[in-house]
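Asker: Supplied in C-alpha cells, the structure appears directly below.
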Amino acid sequence: MFIYMSTSVPQRLLHTARSKSCRTHSPRRSNGASLTAILQGRGPPTGERPRTRYIEDWEVVECLALTSKRKAGSVLAVQAYIRIKLLTGMRRGDLLRLTMSDLREDEIHVAPHETANTTGKRLIIEWSDELREAVSMAKAARPVKLTLFLFCNRRGESYYNEETSRAGGWDSMWRGFSARVLKETKVEAKFTEHDLRSKCASDASTLEHARSLLSHADSKITERVYRRKPERVKPLR
C-alpha cells in the first residue's frame with residue numbers, strides 16, 4: 001500500500017536568520033522511559049500524559065541560524081535534519097535510515113519501520129523546492145561523501161544500529177546541538193526531536209494531512225499526542 005503526500009512549511013522558517021544573544025539555561029530532565037520513547041520518535045508510554053511543548057516559528061529560525069565552525073559536520077547535519085523533519089514529519093529511525101536509493105528523481109520512498117511487520121504501508125513523499133534544498137544540505141554536511149546513507153557517521157555508516165535500535169552517535173550530536181541552542185540563542189525552553197515531529201503535525205492544514213504525514217493508521221493518536229496548537233474559537237457575540 002502506498003500513500004502519496006506533499007510537504008508544506010513556511011518558506012521563512014528555512015531561510016530567515018535572526019540575531020542571537022547568549023544566555024545559559026539548565027535543560028529539564030525526563031524519566032528514562034519517556035526519554036527513550038521521545039528519542040526514538042514515538043509517543044509517550046501508555047497512560048502517560050502527552051507532551052504539550054509546541055515549537056514556535058521563531059525558535060526554529062534561531063536554531064537554523066546557529067553558526068557552524070566547519071563546512072561539514074554536526075551542526076549543519078542537525079540543521080538539515082530539522083528542516084527535513086519539519087517538512088515530512090518522519091520518525092527519527094526512518095529518517096536516519098534513509099539511503100540514496102530512497103531519494104528518487106520524482107519522489108522519496110519511505111518504508112516506515114514501525115509498520116513493516118503489520119500493515120506494510122509505504123510512503124511516497126513528493127518533492128518540493130524546500131525539501132530538495134534540505135536534502136542537498138544534508139548531503140553536503142556528511143563527513144563521508146561516498147556512502148549509502150543520507151545521514152552517516154565518519155565511517156560512512158548509518159547512525160542507527162539495527163541490532164540495538166539505538167543511535168548513540170546521533171543522540172550525542174543532538175545533545176551537543178541543543179546545548180548550544182540554549183546557550184547561544186534566544187531559545188529558553190528545551191525541545192526534543194519528538195517535539196519537531198509534533199510541530200509538523202500541528203502546522204499541517206488539516207488533521208488528515210497531519211495523520212498521513214506521520215504515517216498513523218488512526219487519526220486519534222495524531223489528534224491526542226501530536227496536534228498541539230491551541231484551538232481558536234470565536235466569542236458567541
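In the C-alpha cells, the first chain shown is A, the next is B, and so on; residue numbers restart at 1 for each chain, and ligands run from 1 in the order shown.
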Leaving out Met100 of chain A and any residue of its chain fewer than 2 positions from it, which residues lie within 12 Å of it when counting only C-alpha atoms, given as an MDAnalysis selection string?
Answerer: chainID A and resid 95:98 102:105 107:110 135:136 138:139 145:152 158
Asker: Select, from A:Ser172, A:Ser178, A:Thr52, A:Thr206, the residue with the minimum atom-to-atom distance to Asn153 of chain A, counting only C-alpha atoms.
Answerer: A:Ser172
Asker: Which residues are close to segment 201-203 of chain A, i.e. within 7 Å by only C-alpha atoms, leaving aside same-chain residues fewer than 5 positions away? Reply as a VMD selection string.
Answerer: chain A and resid 210 226 to 229
Asker: Selected residues, C-alpha atoms, written as an mmCIF file, in the first residue's frame, please.
Answerer:
data_model
loop_
_atom_site.group_PDB
_atom_site.id
_atom_site.type_symbol
_atom_site.label_atom_id
_atom_site.label_comp_id
_atom_site.auth_asym_id
_atom_site.auth_seq_id
_atom_site.Cartn_x
_atom_site.Cartn_y
_atom_site.Cartn_z
ATOM 1 C CA ALA A 210 -1.140 15.505 9.698
ATOM 2 C CA TYR A 226 0.761 15.493 18.079
ATOM 3 C CA ARG A 227 -1.674 18.332 17.339
ATOM 4 C CA ARG A 228 -0.506 20.794 19.981
ATOM 5 C CA LYS A 229 -1.671 24.203 18.791
#
Asker: Could you work out how far atom CA of Glu193 of chain A lies from atom CA of Leu66 of chain A, giving the answer in Å with one decimal?
Answerer: 17.0 Å
Asker: Give me every strand (DSSP E) residue in segment 57-200 of chain A, going by DSSP on the backbone, as a list in words.
Answerer: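 Matching residues for strand (DSSP E) in segment 57-200 of chain A are Glu107, Ile108, His109, Val110, Arg122, Leu123, Ile124, Ile125 and Glu126 of chain A.
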Asker: Taking only C-alpha atoms into account, name the residue in A:Lys190, A:Arg155, A:Arg180, A:Arg175 that is nearest to Leu64 of chain A.
Answerer: A:Arg180
Asker: Could you tell me how far atom CA of Arg70 of chain A sits from atom CA of Val144 of chain A, in Å to one decimal place?
Answerer: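 Atom CA of Arg70 of chain A lies 14.1 Å from atom CA of Val144 of chain A.
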Asker: Pick from A:Pro50, A:Thr164, A:Gly73, A:Glu114: nearest to Ile221 of chain A, with only C-alpha atoms counted?
Answerer: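 Between A:Pro50, A:Thr164, A:Gly73, A:Glu114, the residue approaching Ile221 of chain A most closely is A:Pro50.
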Asker: Which value, in Å to one decimal, gives the distance between atom CA of Val60 of chain A and atom CA of Cys200 of chain A?
Answerer: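 Distance between the two atoms: 11.8 Å.
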Asker: Quick one: of A:Lys121, A:Arg232, A:Arg224, A:Arg237, who's nearest to Ser212 of chain A, counting only C-alpha atoms?
Answerer: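 Selected residue with least distance to Ser212 of chain A: A:Lys121.
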Asker: Determine the nearest neighbour of Glu130 of chain A from the options A:Met173, A:Ala80, A:Pro143, A:Thr99, counting only C-alpha atoms.
Answerer: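 Closest to Glu130 of chain A, using only C-alpha atoms: A:Ala80.
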